[in-house]
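The next block holds one structure in the form of C-alpha cells; read it before the comments.
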Amino acid sequence: MRRRPLIQALPGLAAGAGAWATASASAPATGTRGAKTLHLAFATPETTFDPPQTNSDGNTATILAQILEAPLGYDYLARPVALVPVTATALPDVSADGRSFTLRIKPGILFADDPAFKGQPRELVAQDYVYALKRFYDPRYNSSDLYLFESLKLPGLSELRERALKNRKPFDYDTEVEGARTLDRYTFRVRLGLPDPRFIHRFADHAILGAVAREVVESYGEDIGAHPVGTGPFRLKSWRRGSRIELERSPTYRRAMYEGQPADEPWARRIAEGLRGQTLPRVDRVVVDVVEEAQPRWLSFLDGTYHWLQVPGDYRPLAAPGGQLAPYLARRGVELQTHALPDMIMNFFFMEHPLVGGYTPEKVALRRAIALAFDGDAYMRHVQGGFGVRAQSTVPPFTSGFEADYRSEMSTYSPARAKALLDLHGYIDRDGDGWREQPDGQPLVLSMASTSGQLERRANELWKRAMDAVGLKMVFDIATWPELLKKSRAGTLMMWGYSWGATSPDGGFFLGIAYGPNAGESNDPRFSLPSFDRLFEQQRALPDGPERDGLMRQAKNLLVAYMPYKVHQHSVLPLLVQPWTHGYWRHPFMRDTWRFVDVAPPTA
C-alpha cells in the first residue's frame, strides 16, 4: 500500500507528457532520434529510489516498479485480478499452516549492467530476494515499511536487528535465519511466525520485494537511493531530484511478451490484440517531469504533449461535464477512461498531541466535532470536481472487508451536532473573541499540515470555512510532500491528510494503519487501542469470509467512534488518453504497467 498526496494524482497516472511536441501524431520522438519516448508527469516529488527508505511514497514506488522485479506480479488485463509469476517459475508453494512460502527463481535472468558488477554479467539468484527482505530490518535504514514484516514475527530477523542495535554494529546479513533463507541457488523460503493468508501478495510488490544486488548496495553506500539497479524492463538513466526522472530500456532485459488471460471485456480484448507478438517494453525511454501545478499539466495535454492525464479537479467540468467526454476532446480522438480506485482520502489526528490526541471523552468529542463540521460533499465538488464516492470507513472498494451497504458517522456533515458536542464537553468561547478555548481555558488553535499546490489551497479554504463556522481557529503548516512525510514519521504534526492506495486486494491493510505496533510507520496518527489491536490480530489470521468480515466490521466501528482518521472519499479517476497512445489501461493494484504502452502513431 502506498501514500499519495491528498488531492494529487495517482502516481504514474498524474499526466503523461508525450514524445510529440504538438498534437501531430507523426511528429518525431524527443531525445534520441527514432526512439519511442513515453513522457509522464508526477504532481509531487519523488523521495529516494531505495526500497527501505521510500516512506511508502507512491510516486517513488511507481518508478521502482519499472526497474526492480518481485518474484510475482499481476496479470495486466485479467479481471478479477490474478497473480502471475514474474521472475519465479510458478506461484509459491504454501505450507498447510499458511506460514511458509517457497519460491523458485527462473535461471538466466540478468541485472542491468552497472559498474558495481565490474564488467561481468550478474545473474539474479534467490539470495538477492533474501537480501532485499533483510534490508528492511537493518537499523541503518530505519525503514517505515518494516511493519509489513515485523508484525508477522518472521523467525530470527528481529533478533538480528536487535543485536545490531544493542551492539551498535553493522547488521549481520550473513547469518541464515528461518524467517528468510535460501534453499539452493534459485530457491528461497519465507516463513512467518504468525499466519497471514494474504501474505502472498507481498511477493507481487516490486517496491518492497524487488530484487537488489548486495554488491550494488555496498558499492554506492549512502548514495544507493540514486542508483537503483534491477532486472526490470527499464533502468535509471538520469535524475534531477524533484524535477525530472529519465528511464531507458535495459539492454539486458530478457525477451518478454504478454501471456496473460485478458478479461472478457472490449477494452481488454482490444489491448490484448495489440500486444500479440509484441516484445516488451514497447517504448525505448520514459521521461517523468515533476509538475506540481495543475494548469501546466492541463495545457500541455491540450497541446498534444502529454500521452495521458489524470484530470485535475479544476478541469474536470471542462474535460468530462456530467461524467461524459467533452465534444471538443472527442473530436480530437481523445479517450476518457473512468476508474473507481481502491483508495481512501483522509485527514488524521496525531493521537499523542496534547490538543487533538487522547482517548478521554472530551478529546474524542473534539475530533468527532471537527469531523462533523467538515463538508465532504463540498470537498468532492470543489476539489475533486464531483468525482468520487463518500467513504464510510478506512477500507476501500475492491478490497476484502469493504461493505457497499455499510453506513457510519464518517460521512456525516452536521455543524449543529459539532457545536453541540463542543459545548457539552467544555470547548466554549470564554473571552468573547469569537474562538472557542479548551475546557481548562487554554487557547485552542488547530494546525493542519499541507503542501502548497493550488488544489491543496482550495481544500484548506474549505477547512478554514468549516472550522470558522463552529468557532474553531485553524492555521496551516505548509511544506513539501517529502518534508511532511518526515515530519509525520517524527510525530511533529497535529493534523495532516493524504490518501492511501491499495497495492493488493487485502483490505486488512486499511485497518493496519491504526494497529498500535505500526505506530510511526503506516499508523501515522499513532492510534493505540488494545481492543482494536485484538480485532486486527484476529482478522489477520483468518481466511477471507464471513467470520473475518464480522471482525473487520467491529474494527471499523471503533475507528468511527474514536475518529483518529476523518475519511472523506474513495476516488473515481477520470483519465484522458491521447489517440496515439496504445495499450494503456489502469490496473487496480499493479504499477509496472509502462512496459505494455506503445506511443507509436497508428499505421496509415
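Residues are referred to by chain and number: the chain letter is A, B, ... according to the order shown in the C-alpha cells, the number counts from 1 in that chain, and ligands are numbered separately from 1 in the order shown.
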Which residues of region 365-399 of chain A come within 12 Å of region 435-449 of chain A, and what is each one's closest atom pair and distance in Å (one decimal), counting only C-alpha atoms, sorted by chain and residue number, as CSV?
residue,atom,partner,partner_atom,distance
A:Ala365,CA,A:Pro439,CA,11.8
A:Leu366,CA,A:Gln438,CA,9.7
A:Arg367,CA,A:Leu446,CA,10.9
A:Ile370,CA,A:Leu446,CA,9.8
Which residues come within 8 Å of region 284-295 of chain A, counting only C-alpha atoms, excluding same-chain residues fewer than 6 positions away, as a PyMOL selection string?
chain A and resi 16-17+35-45+242-249+312+453-454
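Running DSSP on the backbone and keeping only strand (DSSP E), the residues of region 348-400 of chain A that qualify are Phe348, Phe349, Val389 and Arg390 of chain A.
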Keeping C-alpha atoms for every residue in the selection just given, could you write it to a file as a short mmCIF file (atom, residue, chain, number, x, y, z; two decimals), in the first residue's frame?
data_model
loop_
_atom_site.label_atom_id
_atom_site.label_comp_id
_atom_site.auth_asym_id
_atom_site.auth_seq_id
_atom_site.Cartn_x
_atom_site.Cartn_y
_atom_site.Cartn_z
CA PHE A 348 -5.64 12.16 10.51
CA PHE A 349 -5.23 13.46 14.06
CA VAL A 389 -17.71 8.15 -3.58
CA ARG A 390 -18.23 9.29 0.01
#
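Once Arg534 (chain A) and its same-chain neighbours fewer than 3 positions away are set aside, Leu511, Gly512, Ala514, Tyr515, Gly516, Pro517, Ser528, Leu529, Pro530, Ser531, Glu537, Gln538, Gln539, Arg540, Ala541, Leu551, Met552, Gln554, Ala555 and Leu558 of chain A remain within 12 Å of it when counting only C-alpha atoms.
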Could you please take those selected residues and save N, CA and C atoms as a PDB file, in the first residue's frame?
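Contents of part.pdb, freshly written:
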ATOM      1  N   LEU A 511      -6.964  -1.398   7.964  1.00  0.00           N
ATOM      2  CA  LEU A 511      -7.117  -1.425   9.423  1.00  0.00           C
ATOM      3  C   LEU A 511      -5.752  -1.351  10.093  1.00  0.00           C
ATOM      4  N   GLY A 512      -4.738  -1.907   9.421  1.00  0.00           N
ATOM      5  CA  GLY A 512      -3.377  -1.885   9.967  1.00  0.00           C
ATOM      6  C   GLY A 512      -2.828  -0.489  10.137  1.00  0.00           C
ATOM      7  N   ALA A 514      -4.127   1.669  11.730  1.00  0.00           N
ATOM      8  CA  ALA A 514      -4.491   2.073  13.087  1.00  0.00           C
ATOM      9  C   ALA A 514      -4.044   1.037  14.122  1.00  0.00           C
ATOM     10  N   TYR A 515      -3.271   0.047  13.702  1.00  0.00           N
ATOM     11  CA  TYR A 515      -2.779  -1.001  14.599  1.00  0.00           C
ATOM     12  C   TYR A 515      -1.632  -0.442  15.434  1.00  0.00           C
ATOM     13  N   GLY A 516      -1.735  -0.562  16.745  1.00  0.00           N
ATOM     14  CA  GLY A 516      -0.777   0.054  17.656  1.00  0.00           C
ATOM     15  C   GLY A 516       0.680  -0.209  17.332  1.00  0.00           C
ATOM     16  N   PRO A 517       1.100  -1.479  17.118  1.00  0.00           N
ATOM     17  CA  PRO A 517       2.519  -1.741  16.818  1.00  0.00           C
ATOM     18  C   PRO A 517       3.021  -1.106  15.523  1.00  0.00           C
ATOM     19  N   SER A 528      -3.623   3.874  19.386  1.00  0.00           N
ATOM     20  CA  SER A 528      -3.282   2.709  20.200  1.00  0.00           C
ATOM     21  C   SER A 528      -4.456   2.378  21.101  1.00  0.00           C
ATOM     22  N   LEU A 529      -5.185   1.334  20.728  1.00  0.00           N
ATOM     23  CA  LEU A 529      -6.360   0.906  21.478  1.00  0.00           C
ATOM     24  C   LEU A 529      -6.334  -0.615  21.560  1.00  0.00           C
ATOM     25  N   PRO A 530      -6.133  -1.195  22.742  1.00  0.00           N
ATOM     26  CA  PRO A 530      -5.987  -2.657  22.852  1.00  0.00           C
ATOM     27  C   PRO A 530      -7.138  -3.440  22.232  1.00  0.00           C
ATOM     28  N   SER A 531      -8.369  -2.992  22.414  1.00  0.00           N
ATOM     29  CA  SER A 531      -9.500  -3.727  21.854  1.00  0.00           C
ATOM     30  C   SER A 531      -9.450  -3.736  20.331  1.00  0.00           C
ATOM     31  N   GLU A 537      -5.574  -8.375  14.974  1.00  0.00           N
ATOM     32  CA  GLU A 537      -4.798  -9.617  15.000  1.00  0.00           C
ATOM     33  C   GLU A 537      -5.665 -10.831  14.689  1.00  0.00           C
ATOM     34  N   GLN A 538      -6.889 -10.831  15.177  1.00  0.00           N
ATOM     35  CA  GLN A 538      -7.782 -11.962  14.925  1.00  0.00           C
ATOM     36  C   GLN A 538      -8.162 -12.051  13.452  1.00  0.00           C
ATOM     37  N   GLN A 539      -8.521 -10.914  12.852  1.00  0.00           N
ATOM     38  CA  GLN A 539      -8.937 -10.963  11.445  1.00  0.00           C
ATOM     39  C   GLN A 539      -7.765 -11.296  10.527  1.00  0.00           C
ATOM     40  N   ARG A 540      -6.565 -10.870  10.902  1.00  0.00           N
ATOM     41  CA  ARG A 540      -5.394 -11.109  10.065  1.00  0.00           C
ATOM     42  C   ARG A 540      -5.120 -12.593   9.884  1.00  0.00           C
ATOM     43  N   ALA A 541      -5.425 -13.390  10.888  1.00  0.00           N
ATOM     44  CA  ALA A 541      -5.116 -14.819  10.838  1.00  0.00           C
ATOM     45  C   ALA A 541      -6.175 -15.632  10.098  1.00  0.00           C
ATOM     46  N   LEU A 551     -15.326  -9.425  12.102  1.00  0.00           N
ATOM     47  CA  LEU A 551     -14.293  -8.795  12.927  1.00  0.00           C
ATOM     48  C   LEU A 551     -13.855  -7.459  12.335  1.00  0.00           C
ATOM     49  N   MET A 552     -13.734  -7.413  11.011  1.00  0.00           N
ATOM     50  CA  MET A 552     -13.344  -6.165  10.369  1.00  0.00           C
ATOM     51  C   MET A 552     -14.411  -5.083  10.573  1.00  0.00           C
ATOM     52  N   GLN A 554     -16.356  -4.772  13.207  1.00  0.00           N
ATOM     53  CA  GLN A 554     -16.180  -4.260  14.569  1.00  0.00           C
ATOM     54  C   GLN A 554     -15.016  -3.283  14.645  1.00  0.00           C
ATOM     55  N   ALA A 555     -13.938  -3.601  13.953  1.00  0.00           N
ATOM     56  CA  ALA A 555     -12.777  -2.712  13.952  1.00  0.00           C
ATOM     57  C   ALA A 555     -13.110  -1.378  13.285  1.00  0.00           C
ATOM     58  N   LEU A 558     -14.966   0.869  15.657  1.00  0.00           N
ATOM     59  CA  LEU A 558     -14.119   1.523  16.657  1.00  0.00           C
ATOM     60  C   LEU A 558     -13.418   2.748  16.061  1.00  0.00           C
TER      61      LEU A 558
END
Applying 12 Å and only C-alpha atoms, which residues near Leu72 (chain A) remain after dropping the ones on its own chain fewer than 6 positions away? List them as JSON, numbers by chain.
{"A": [65, 82, 83, 84, 85, 86, 87, 88, 89, 90, 91, 92, 103, 104, 105, 106, 129, 200, 201, 202, 203, 204, 205, 206, 208, 209, 210, 211, 590, 592]}
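Interatomic distance, CA of His339 (chain A) to CA of His587 (chain A): 9.2 Å.
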Using only C-alpha atoms, which of the listed residues (A:Asp343, A:Glu215, A:Asp524, A:Asp468) sits closest to Ser488 (chain A)?
A:Asp524
Near Arg591 (chain A), counting only C-alpha atoms, which residues have an atom at most 12 Å away, once you skip same-chain residues fewer than 3 positions from it, shown as an MDAnalysis selection string?
chainID A and resid 1:2 10:13 58:70 73:76 204:207 501:504 584:588 594:596
Generate a file of the selected residues that holds C-alpha atoms, formatted as a CSV table (one decimal), in the first residue's frame.
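Generated output (out_16.csv):
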chain,number,residue,atom,x,y,z
A,1,MET,CA,0.0,0.0,0.0
A,2,ARG,CA,1.3,3.5,-0.9
A,10,LEU,CA,-2.2,8.8,-8.6
A,11,PRO,CA,1.5,8.1,-9.0
A,12,GLY,CA,2.3,7.3,-12.6
A,13,LEU,CA,-1.2,8.5,-13.7
A,58,GLY,CA,3.6,6.1,-4.3
A,59,ASN,CA,5.4,8.1,-6.9
A,60,THR,CA,8.7,6.5,-5.9
A,61,ALA,CA,7.2,3.1,-5.8
A,62,THR,CA,5.9,3.5,-9.4
A,63,ILE,CA,9.4,4.3,-10.6
A,64,LEU,CA,10.9,1.4,-8.7
A,65,ALA,CA,8.3,-1.0,-10.2
A,66,GLN,CA,9.7,-0.3,-13.7
A,67,ILE,CA,13.3,-1.0,-12.5
A,68,LEU,CA,13.1,-3.8,-9.9
A,69,GLU,CA,11.2,-7.0,-10.1
A,70,ALA,CA,9.5,-9.0,-7.4
A,73,GLY,CA,3.1,-9.7,-10.3
A,74,TYR,CA,-0.4,-9.3,-11.6
A,75,ASP,CA,-1.9,-10.2,-15.0
A,76,TYR,CA,-2.2,-6.8,-16.6
A,204,ALA,CA,4.0,-9.0,-6.0
A,205,ASP,CA,5.1,-5.6,-4.7
A,206,HIS,CA,8.2,-4.6,-6.7
A,207,ALA,CA,8.8,-1.6,-4.5
A,501,GLY,CA,-3.8,3.4,-2.4
A,502,ALA,CA,-4.0,-0.3,-2.3
A,503,THR,CA,-1.4,-2.5,-3.9
A,504,SER,CA,-3.2,-5.7,-3.2
A,584,TYR,CA,-2.8,1.7,-21.5
A,585,TRP,CA,-5.5,0.7,-19.0
A,586,ARG,CA,-5.3,1.2,-15.3
A,587,HIS,CA,-4.9,-1.9,-13.1
A,588,PRO,CA,-6.3,-1.6,-9.6
A,594,TRP,CA,4.6,1.2,-18.6
A,595,ARG,CA,6.1,-1.8,-20.5
A,596,PHE,CA,2.8,-2.5,-22.1
Nearby residues (only C-alpha atoms) at most 7 Å from Asp549 (chain A), same-chain spacing under 4 positions excluded, as a compact mmCIF listing (two decimals) with N, CA and C atoms, in the first residue's frame:
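Contents of out.txt, freshly written:
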# COMPACT_ATOMS: atom_id res chain seq x y z
N GLY A 401 -13.22 -6.89 3.10
CA GLY A 401 -13.73 -6.10 4.22
C GLY A 401 -14.54 -4.89 3.82
N GLY A 545 -13.81 -14.31 4.38
CA GLY A 545 -15.10 -14.95 4.60
C GLY A 545 -15.91 -14.22 5.65
N ARG A 553 -15.68 -5.49 10.57
CA ARG A 553 -16.75 -4.52 10.81
C ARG A 553 -16.65 -3.94 12.23
Can you tell me, as a ChimeraX atom specification, which residues in region 415-553 of chain A count as helix (DSSP H, G or I) by DSSP?
/A:415-424,454-469,481-490,509-512,516-518,530-540,546-553
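Shell of region 112-118 of chain A at 9 Å, with only C-alpha atoms counted and residues fewer than 2 places along the chain excluded, is A:Ile67, A:Leu110, A:Gln120, A:Pro121, A:Arg122, A:Glu215, A:Val216, A:Val217, A:Glu218, A:Ser219, A:Tyr220, A:Val229, A:Gly230, A:Thr231, A:Gly232, A:Pro233, A:Phe234, A:Arg235, A:Ser250, A:Pro251, A:Thr252, A:Tyr253.
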Keeping only C-alpha atoms, take the residues you just selected and write them out as an mmCIF file, in the first residue's frame.
data_model
loop_
_atom_site.group_PDB
_atom_site.id
_atom_site.type_symbol
_atom_site.label_atom_id
_atom_site.label_comp_id
_atom_site.auth_asym_id
_atom_site.auth_seq_id
_atom_site.Cartn_x
_atom_site.Cartn_y
_atom_site.Cartn_z
ATOM 1 C CA ILE A 67 13.301 -1.049 -12.541
ATOM 2 C CA LEU A 110 20.219 -10.727 -15.542
ATOM 3 C CA GLN A 120 30.631 -9.071 -15.597
ATOM 4 C CA PRO A 121 27.032 -10.216 -16.224
ATOM 5 C CA ARG A 122 25.199 -10.601 -12.939
ATOM 6 C CA GLU A 215 27.345 -5.549 -4.315
ATOM 7 C CA VAL A 216 25.376 -2.594 -5.730
ATOM 8 C CA VAL A 217 24.197 -1.502 -2.285
ATOM 9 C CA GLU A 218 27.684 -1.831 -0.818
ATOM 10 C CA SER A 219 29.293 -0.073 -3.782
ATOM 11 C CA TYR A 220 27.127 3.049 -3.557
ATOM 12 C CA VAL A 229 19.703 -1.449 -10.268
ATOM 13 C CA GLY A 230 17.284 -4.241 -11.039
ATOM 14 C CA THR A 231 16.248 -6.894 -13.524
ATOM 15 C CA GLY A 232 13.227 -4.991 -14.858
ATOM 16 C CA PRO A 233 12.496 -3.616 -18.335
ATOM 17 C CA PHE A 234 13.924 -0.161 -17.621
ATOM 18 C CA ARG A 235 16.966 1.268 -15.890
ATOM 19 C CA SER A 250 17.531 -2.105 -20.175
ATOM 20 C CA PRO A 251 19.723 -3.891 -22.755
ATOM 21 C CA THR A 252 19.942 -6.959 -20.520
ATOM 22 C CA TYR A 253 16.181 -7.358 -20.086
#
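For the pair CA of Ser143 (chain A) and CA of Pro155 (chain A), the interatomic distance is 18.7 Å.
Nearest to Ile224 (chain A) of all the residues A:Gly277, A:Leu183, A:Asp50, A:Leu493 is A:Asp50, counting only C-alpha atoms.
Each of A:Asp533, A:Asp429, A:Asp93, A:Asp264 was compared to Thr187 (chain A) using only C-alpha atoms, and A:Asp93 turns out to be the nearest.
The two atoms in question, CA of Met351 (chain A) and CA of Ser400 (chain A), are spaced 26.8 Å apart.
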